[in-house]
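**Student:** Before I ask anything, here is the structure I am working with.
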Amino acid sequence: MKFKQKQKKNKTMKYFSIEYISIITGFLLVVLGIWGILTQKNIIKMILGFVIFDTGLHVIMVSIAYVRGKAAPILDEAIGLEDVVNKIVDPVPQALVLTAIVIGFGVTALMLAYAVKLHQNKGSLEIEDFKDLKY
């Protein structure tokens, strides 16, 4: 009886590991960001929705690349050179996420610069006030 309860508990705890929690958190951030982009009327709030969406994508990419029990891809005395391929994680997803963070920062800065210019020209950041930009 106790063996079945322990086996069921281990099966349930598998889904509460860091991999599943981080993927779920990333998807929640993506959904929240898309909601913010599509439903908000203020341009600053739309930009914040984009930032949240971008952060969710980064969390998903990092959590998919996570491998339990492997070390960071830094070769030193802690990791011997024999069988090093099986002891470290792939560094490419980490490099892609770092690049995506920098690109996202640049895009966010550009969107905020446009928002400042729009506010200087119209005196408002509400999307309904920009009728001249619509067809």
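FYI, nothing fancy with the structure tokens labels: chains A, B, ... in order, residues from 1 per chain, ligands from 1 as they appear.
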Would you mind writing down, as a list in words, each residue of chain A that DSSP on the backbone assigns to strand (DSSP E or B)?
**Tutor:**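 These are the residues in question: Asn42, Ala71, Ile88 and Glu126 of chain A.
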**Student:** Just checking: using only C-alpha atoms, which residue out of A:Ala72, A:Val116, A:Leu98, A:Ala65 ends up closest to Asn86 in chain A?
**Tutor:** A:Ala72
**Student:** Can you list, as a list in words, every protein, DNA or RNA residue that comes within 12 Å of range 52-54 of chain A when you count only C-alpha atoms, leaving out same-chain residues fewer than 6 positions away?
**Tutor:**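 Here the qualifying residues turn out to be Thr25, Gly26, Phe27, Leu28, Leu29, Val30, Val31, Leu32, Gly33, Ile34, Trp35, Gly36, Ile37, Leu38, Lys45, Met46, Ile60, Met61, Val97, Ala100, Ile101, Val102, Ile103, Gly104, Phe105, Val107 and Thr108 of chain A.
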**Student:** Using only C-alpha atoms, which residues sit within 10 Å of Ile44 in chain A once same-chain residues fewer than 6 positions away are excluded, as a list of chain:residue names?
**Tutor:** A:Ile37, A:Phe50, A:Met111, A:Leu112, A:Ala115, A:Val116, A:Leu125, A:Glu126
**Student:** Rank nothing, just name the residue among A:Leu81, A:Leu75, A:Val92, A:Val67 nearest to Ser17 in chain A, using only C-alpha atoms.
**Tutor:**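 That would be A:Val67, the residue with the smallest distance to Ser17 in chain A.
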**Student:** May I ask which of the residues A:Asp83, A:Glu19, A:Leu118, A:Asp132 is the closest one to Ile43 in chain A, counting only C-alpha atoms?
**Tutor:**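 The answer is A:Leu118, which sits nearest to Ile43 in chain A.
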**Student:** So the first atom is CA of Ser124 in chain A and the second is CA of Gly49 in chain A; what is the distance between them in Å, to one decimal place?
**Tutor:**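 Taking CA of Ser124 in chain A and CA of Gly49 in chain A, their separation equals 18.7 Å.
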**Student:** Of the candidates A:Lys41, A:Lys117, A:Lys122, A:Lys87, which shows the shortest atom-to-atom distance to Ala71 in chain A, using only C-alpha atoms?
**Tutor:**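 Counting only C-alpha atoms, the residue closest to Ala71 in chain A is A:Lys87.
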**Student:** Which one is closest to Leu57 in chain A: A:Pro73, A:Phe16, A:Ile24, A:Val85? Count only C-alpha atoms.
**Tutor:**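 So, comparing all the options, the nearest one is A:Ile24.
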**Student:** Pick the closest to Ile21 in chain A from A:Gln40, A:Asn121, A:Ser63, A:Thr99: which is it, counting only C-alpha atoms?
**Tutor:** A:Ser63
